[in-house]
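Engineer: Can you read through this structure? Questions will come right after.
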Amino acid sequence: MKVLILTSGVPFVRGGAEILADSLQGALCAAGHEAEIVTIPFQSCPPSRIPEQMLACRLLDVTETCGIRIDRVIGLKFPAYLVRHPHKVMWLLHQHRTAYELWEHPAAGDLIHYADGRVVREAIRRVDRGLIPEAKAIYTLSRNVSQRLRRYSGIDSEPLYNPPANATLFYKGPARDYFFFPSRINPLKRQWLVIQALALCREPVQVRFAGEADNEAQQIECMKTVRELRVSDRVEWLGVVSEERKRECYANSVGVIFPPVDEDYGYVTLEAMLSSKPVITCADSGGPLEFVTDSQTGLIAEATPQSLAERMDALWADRPGAAAMGEAGRQRYQDLKISWENVVDKLLC
Amino acid sequence: MLKINWFSPLLPAHSGIAYYAAQILPILASRHEVIAWTDQEQVAPDLSGIVQVASYHRDNPPWRALNDADVSIYHLGNQGAIHGGIWQVSRQHAGIVVLHDLCLHDFFAMVFLRLQENPEAYLGALERWYGPQGRHAGEAFRTGGIGAEAMAQRFPLTREAVWGALGVITHSRRALEDLGENPACPTAVLDFPYAATEESRYRGWMTARAAAPGPPYRLVVFGYLGRNRRLGTVLAALAGLRERDQFRLDICGQLWDESHIRLEIERLGLSSLVNLYGFLQDEQVERELSTAHLAINLRYPSMGEASLSQVQFWDYGLPTLVARTGWYASLPEEATAFVRPEREIEDIQAHLRAFLADPGVYRAMGERGRQSLKNHDPEKYVDAMAQFASTALASAPHLSALELARGIGDDLSQWLHPAASSYLVERVSREICALAEGETGTLDGE
């Protein structure tokens, strides 16, 4: 089959969605298909540009190229998934989140701050409601994304999990005295919450953060919070780390902390499970909750510093328990049979 | 229940719309969640007990908070200083516009030329809606070649005021149609709201009027008395009436040029028949209107506005002479005595003579006016306004689609000859419709 992967992105910015598109392309090719990625440059500011980009996507014709038929297109991201094709399948990574669950979010909400924000939000919602169902099948990245699609757009879909990149390379090592928290540093990932919790911990908990900040101001703000709460000696900032170093950090941690706001999916959870490590997450963290069962494969806290601190203390103090939960996590991952082969089979069937 | 942003002058602003708002807001707030936004320095303290009052700055409106509401309702009239900020927000944040005046040239002349000192914006607006002719007239207006009244009638700029609105509410269908300025968005015509005074009090007024049956009969002119209120014509008509001694004329309200009117009264020999009272307090208004026999409520040229004074006259059961123009022309024939603008003096005198011949005919006219107030029930008005807002919101996608189509159409017309672009135009139109409707079409060959 000739398959096009339709996604959108911000030029010069590379994140999880780009890695996923690459991985999907690789999996399709490995399965004997020809696959290309079509990335639509997306600009969300000012919002008045968004309907124009929706229209631009709608006007693209990818039914064939130079007389060769495109057999299947796979829509991943807004507004690229609006491109028409008679054999389009959706694998929705997420909708345009600030038109939905992040509309009012104090840090992430952007449309809401513009005069025409509400009008554009309604246009996005209407188009999603009307045009996503034109796909022959609708899959999503996770149950969380499916639930949002149902809640906001009234559309049923099936979650289709995929493995993290290089899933086979994760391993388990001896637990040393730190929790690991790999993620981009931004308000949605809530490094701040962990720092505040750290200040309330009774155990001598240590946390290693890996990843870079979305912008310098956020990094500075983070550092400032650490100083103000006097937890500098219990925090380590690793910055951007190599994949190898990341796996090592997972392998040697007591556990992984991952308390984002309503995460779509969350590879961090899966990577922790592959490393046989328990995950501490929050009740409003979205995607991780599909994999973490409280007191079995990790701990679920309320999204408050106090609640999170209690869970961090508990896991820190109970190393055998932590190890057992880590093993249970690894087993849970295997039971789910998450594989690219399964993803490709579903998307092309 | 809707969450509503309300933008209007608020008391103590000197504006009839502020009184209108004081009447409407308590009812609206009892049924919906309302925030009254204001850029006034002062707001009547008792208002904040009725609705949430919040401040905004026209140059930096609080979009975050405004976006929380389902709909914004903007009230526009001709006072540039009072409505300028409201219009500025309405242009950026689409909502329902309630037009209290329909000819808004004066407003835009004030906003663009005086407040913003931006003549190009003024001329651009005229050109946008009336082509080069509009621009040329605007240039002439700036140099004194055309007067404000002529500009208001020929180039009312109503569409400029409602450009991009989700919906428009007026108080007169005919006045809007006469202007030929129908907006692209949905419109609703609602009867100007007025809560009639309770019947027992009305009967008391009737008794007071019956106690002073006349002659002499008391005529009253009332309200904000600008140039278009035809005072000079009224005085001339009275002066030319042989039976003039059987009337007294009370002029109540702020005059645009008091010294001129005083001179006219003297020149026409009417000093013993005409009284100038200036602005009246509420209790004085009640005394005046409950004992008057006939109200004269002429406006020409009309800015298309509904008249609070008119419904007040009807509340007191007062028969009224009105010009057959603008909103007034749509008033019920059986409750109103019309004056043709082109034959004002003749018609005024004819009505005064007819009144002398049979005051009962006019008294009955006033009674019917009073009965007609049931159509002006503020509660019904509020419900109709909210219903219209919901309807307009439902059709908002079409307006967004039109805006998108206009922009794309402009681009396409730059690139391609119309004959060559039919396929593209058709394709784009179809896709814009699909986006607006949220509906799937079919691809060619599918």
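Note on naming: chains are A, B, ... as they come in the structure tokens, residues start from 1 per chain, ligands start from 1 in the order shown.
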Identify every residue of chain A that has at least one atom within 6 Å of any atom of chain B, counting only C-alpha atoms, and report the result as a list in words.

Structural biologist: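 The answer, sorted by residue number, is Ile112, His113, Tyr114, Ala115, Asp116, Arg118, Arg126, Val127, Gly130 and Leu131 of chain A.
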
Engineer: Do a neighbour search on Ala99 (chain A) at 10 Å with only C-alpha atoms, toss out local chain neighbours closer than 3 positions, and write the hits as a ChimeraX atom specification.

Structural biologist: /A:95-96,102-104,109-112,117-118,120-125,152

Engineer: Kindly indicate which residue among A:Leu198, A:Leu60, A:Gln331, A:Glu216 lies nearest to Leu82 (chain A), using only C-alpha atoms for the distances.

Structural biologist: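 Residue with the minimum atom-to-atom distance to Leu82 (chain A): A:Leu60.
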
Engineer: Hey, what does DSSP flag as alpha helix (DSSP H) within region 208-374 of chain B? Can you give it to me as a ChimeraX atom specification?

Structural biologist: /B:208-210,231-239,258-267,282-291,308-315,344-357,359-372

Engineer: Please provide as a ChimeraX atom specification all residues within 8 Å of Arg218 (chain B), with the sequence filter that same-chain residues fewer than 3 positions apart are discarded (counting only C-alpha atoms).

Structural biologist: /B:214,247-250,291-294

Engineer: Please produce a file of the residues just selected, as a CSV table (one decimal), in the first residue's frame, where the atoms kept are N, CA and C atoms.

Structural biologist:
chain,number,residue,atom,x,y,z
B,214,GLY,N,-59.8,72.5,30.3
B,214,GLY,CA,-59.5,73.4,29.2
B,214,GLY,C,-60.8,73.9,28.5
B,247,PHE,N,-54.7,77.7,23.5
B,247,PHE,CA,-53.6,76.8,23.9
B,247,PHE,C,-52.5,77.4,24.7
B,248,ARG,N,-51.9,76.6,25.5
B,248,ARG,CA,-50.6,77.0,26.2
B,248,ARG,C,-49.6,75.9,25.8
B,249,LEU,N,-48.4,76.4,25.5
B,249,LEU,CA,-47.3,75.4,25.2
B,249,LEU,C,-46.3,75.4,26.2
B,250,ASP,N,-46.1,74.2,26.8
B,250,ASP,CA,-45.0,74.0,27.8
B,250,ASP,C,-43.8,73.3,27.2
B,291,THR,N,-51.3,66.5,33.5
B,291,THR,CA,-52.3,67.5,33.3
B,291,THR,C,-52.3,68.1,31.9
B,292,ALA,N,-51.3,67.7,31.1
B,292,ALA,CA,-51.3,68.2,29.7
B,292,ALA,C,-52.4,67.5,28.9
B,293,HIS,N,-52.8,68.1,27.7
B,293,HIS,CA,-53.8,67.6,26.9
B,293,HIS,C,-53.3,67.0,25.6
B,294,LEU,N,-52.2,67.5,25.1
B,294,LEU,CA,-51.7,67.0,23.9
B,294,LEU,C,-50.1,67.2,23.9

Engineer: When DSSP works through the backbone of this structure, what residues of region 20-136 of chain A end up as strand (DSSP E or B), shown as a list in words?

Structural biologist: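 So, restricting region 20-136 of chain A to strand (DSSP E or B), we get Glu34, Ala35, Glu36, Ile37, Val38, Thr39, Ile40, Pro41, Asp61, Glu64, Thr65, Ile68, Arg69, Arg72, Val73, Ile74, Gly75, Leu76, Lys77, Arg84, Lys88, Val89, Met90, Trp91, Leu92, Leu93 and His94 of chain A.
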
Engineer: From the options A:Ser339, A:Ser276, A:Ser48, A:Thr7, which residue's atoms come nearest to Ala21 (chain A), counting only C-alpha atoms?

Structural biologist: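 Result for the nearest residue to Ala21 (chain A): A:Thr7.
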
Engineer: Excluding region 354-368 of chain B and any residue of its chain fewer than 4 positions from it, enumerate the residues within 8 Å of it, using only C-alpha atoms, and give them as a PyMOL selection string.

Structural biologist: chain B and resi 293-294+314+316-320+334-336+350+372

Engineer: Taking N, CA and C atoms for each residue, export the selection above as a tab-separated table (two decimals), in the first residue's frame.

Structural biologist:
chain	number	residue	atom	x	y	z
B	293	HIS	N	-52.75	68.13	27.75
B	293	HIS	CA	-53.83	67.60	26.91
B	293	HIS	C	-53.32	67.00	25.61
B	294	LEU	N	-52.19	67.50	25.15
B	294	LEU	CA	-51.68	67.01	23.86
B	294	LEU	C	-50.15	67.17	23.86
B	314	TRP	N	-47.65	57.94	26.15
B	314	TRP	CA	-48.73	56.95	26.14
B	314	TRP	C	-49.02	56.44	27.55
B	316	TYR	N	-49.08	58.08	30.10
B	316	TYR	CA	-49.99	59.08	30.71
B	316	TYR	C	-51.28	59.23	29.90
B	317	GLY	N	-51.45	58.40	28.89
B	317	GLY	CA	-52.66	58.49	28.07
B	317	GLY	C	-52.72	59.77	27.27
B	318	LEU	N	-51.57	60.32	26.93
B	318	LEU	CA	-51.53	61.59	26.22
B	318	LEU	C	-51.56	61.38	24.71
B	319	PRO	N	-52.50	62.02	24.00
B	319	PRO	CA	-52.43	61.98	22.55
B	319	PRO	C	-51.20	62.74	22.07
B	320	THR	N	-50.67	62.31	20.93
B	320	THR	CA	-49.36	62.85	20.53
B	320	THR	C	-49.33	63.14	19.03
B	334	GLU	N	-54.07	54.33	14.92
B	334	GLU	CA	-55.20	54.68	15.79
B	334	GLU	C	-54.75	55.34	17.09
B	335	ALA	N	-53.45	55.28	17.36
B	335	ALA	CA	-52.97	55.82	18.64
B	335	ALA	C	-52.10	57.05	18.45
B	336	THR	N	-51.96	57.52	17.21
B	336	THR	CA	-50.99	58.58	16.95
B	336	THR	C	-51.55	59.56	15.91
B	350	ALA	N	-53.85	71.82	11.47
B	350	ALA	CA	-55.08	71.03	11.24
B	350	ALA	C	-55.40	70.18	12.46
B	372	SER	N	-51.68	50.30	23.97
B	372	SER	CA	-50.65	49.68	23.11
B	372	SER	C	-49.38	49.36	23.89

Engineer: List as JSON, numbers by chain the protein and nucleic acid residues near Gln43 (chain A), meaning an atom at most 10 Å away when only C-alpha atoms are counted, but skip any in the same chain fewer than 5 places from it.

Structural biologist: {"A": [8, 9, 10, 11, 49, 50, 53]}

Engineer: Let me see the file: selected residues, N, CA and C atoms, as a PDB file, in the first residue's frame.

Structural biologist:
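Writing the result to result_33.pdb gives the following:
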ATOM      1  N   SER A   8       0.544  17.767  11.418  1.00  0.00           N
ATOM      2  CA  SER A   8       0.884  19.181  11.331  1.00  0.00           C
ATOM      3  C   SER A   8       1.903  19.468  12.420  1.00  0.00           C
ATOM      4  N   GLY A   9       2.645  20.520  12.214  1.00  0.00           N
ATOM      5  CA  GLY A   9       3.684  20.812  13.189  1.00  0.00           C
ATOM      6  C   GLY A   9       4.162  22.235  13.060  1.00  0.00           C
ATOM      7  N   VAL A  10       4.912  22.630  14.044  1.00  0.00           N
ATOM      8  CA  VAL A  10       5.497  23.962  14.030  1.00  0.00           C
ATOM      9  C   VAL A  10       6.934  23.817  13.533  1.00  0.00           C
ATOM     10  N   PRO A  11       7.268  24.501  12.434  1.00  0.00           N
ATOM     11  CA  PRO A  11       8.629  24.354  11.904  1.00  0.00           C
ATOM     12  C   PRO A  11       9.697  24.586  12.977  1.00  0.00           C
ATOM     13  N   ARG A  49      -6.085  33.047  11.840  1.00  0.00           N
ATOM     14  CA  ARG A  49      -5.407  32.266  10.805  1.00  0.00           C
ATOM     15  C   ARG A  49      -5.870  30.809  10.806  1.00  0.00           C
ATOM     16  N   ILE A  50      -6.405  30.355  11.923  1.00  0.00           N
ATOM     17  CA  ILE A  50      -6.722  28.925  12.043  1.00  0.00           C
ATOM     18  C   ILE A  50      -7.774  28.476  11.020  1.00  0.00           C
ATOM     19  N   GLN A  53      -6.233  27.954   7.744  1.00  0.00           N
ATOM     20  CA  GLN A  53      -5.438  26.729   7.640  1.00  0.00           C
ATOM     21  C   GLN A  53      -6.327  25.492   7.543  1.00  0.00           C
TER      22      GLN A  53
END

Engineer: Using only C-alpha atoms, which protein or nucleic acid residues come within 7 Å of region 338-343 of chain B? Drop anything in the same chain fewer than 6 positions from it, and give the result as a list in words.

Structural biologist: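 Answer for this query is Tyr300, Leu321, Val322, Ala323 and Arg324 of chain B.
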
Engineer: Could you save the residues just selected, with N, CA and C atoms, as a PDB file, in the first residue's frame?

Structural biologist:
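As a result, part.pdb now contains:
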ATOM      1  N   TYR B 300     -37.444  65.457  12.962  1.00  0.00           N
ATOM      2  CA  TYR B 300     -37.152  65.456  11.537  1.00  0.00           C
ATOM      3  C   TYR B 300     -35.915  66.307  11.277  1.00  0.00           C
ATOM      4  N   LEU B 321     -48.755  64.273  18.687  1.00  0.00           N
ATOM      5  CA  LEU B 321     -48.450  64.552  17.292  1.00  0.00           C
ATOM      6  C   LEU B 321     -47.021  64.083  17.024  1.00  0.00           C
ATOM      7  N   VAL B 322     -46.860  63.243  15.992  1.00  0.00           N
ATOM      8  CA  VAL B 322     -45.504  62.788  15.635  1.00  0.00           C
ATOM      9  C   VAL B 322     -45.290  62.963  14.137  1.00  0.00           C
ATOM     10  N   ALA B 323     -44.025  63.095  13.753  1.00  0.00           N
ATOM     11  CA  ALA B 323     -43.694  63.183  12.324  1.00  0.00           C
ATOM     12  C   ALA B 323     -43.796  61.798  11.709  1.00  0.00           C
ATOM     13  N   ARG B 324     -44.321  61.724  10.494  1.00  0.00           N
ATOM     14  CA  ARG B 324     -44.417  60.407   9.845  1.00  0.00           C
ATOM     15  C   ARG B 324     -43.057  60.088   9.220  1.00  0.00           C
TER      16      ARG B 324
END
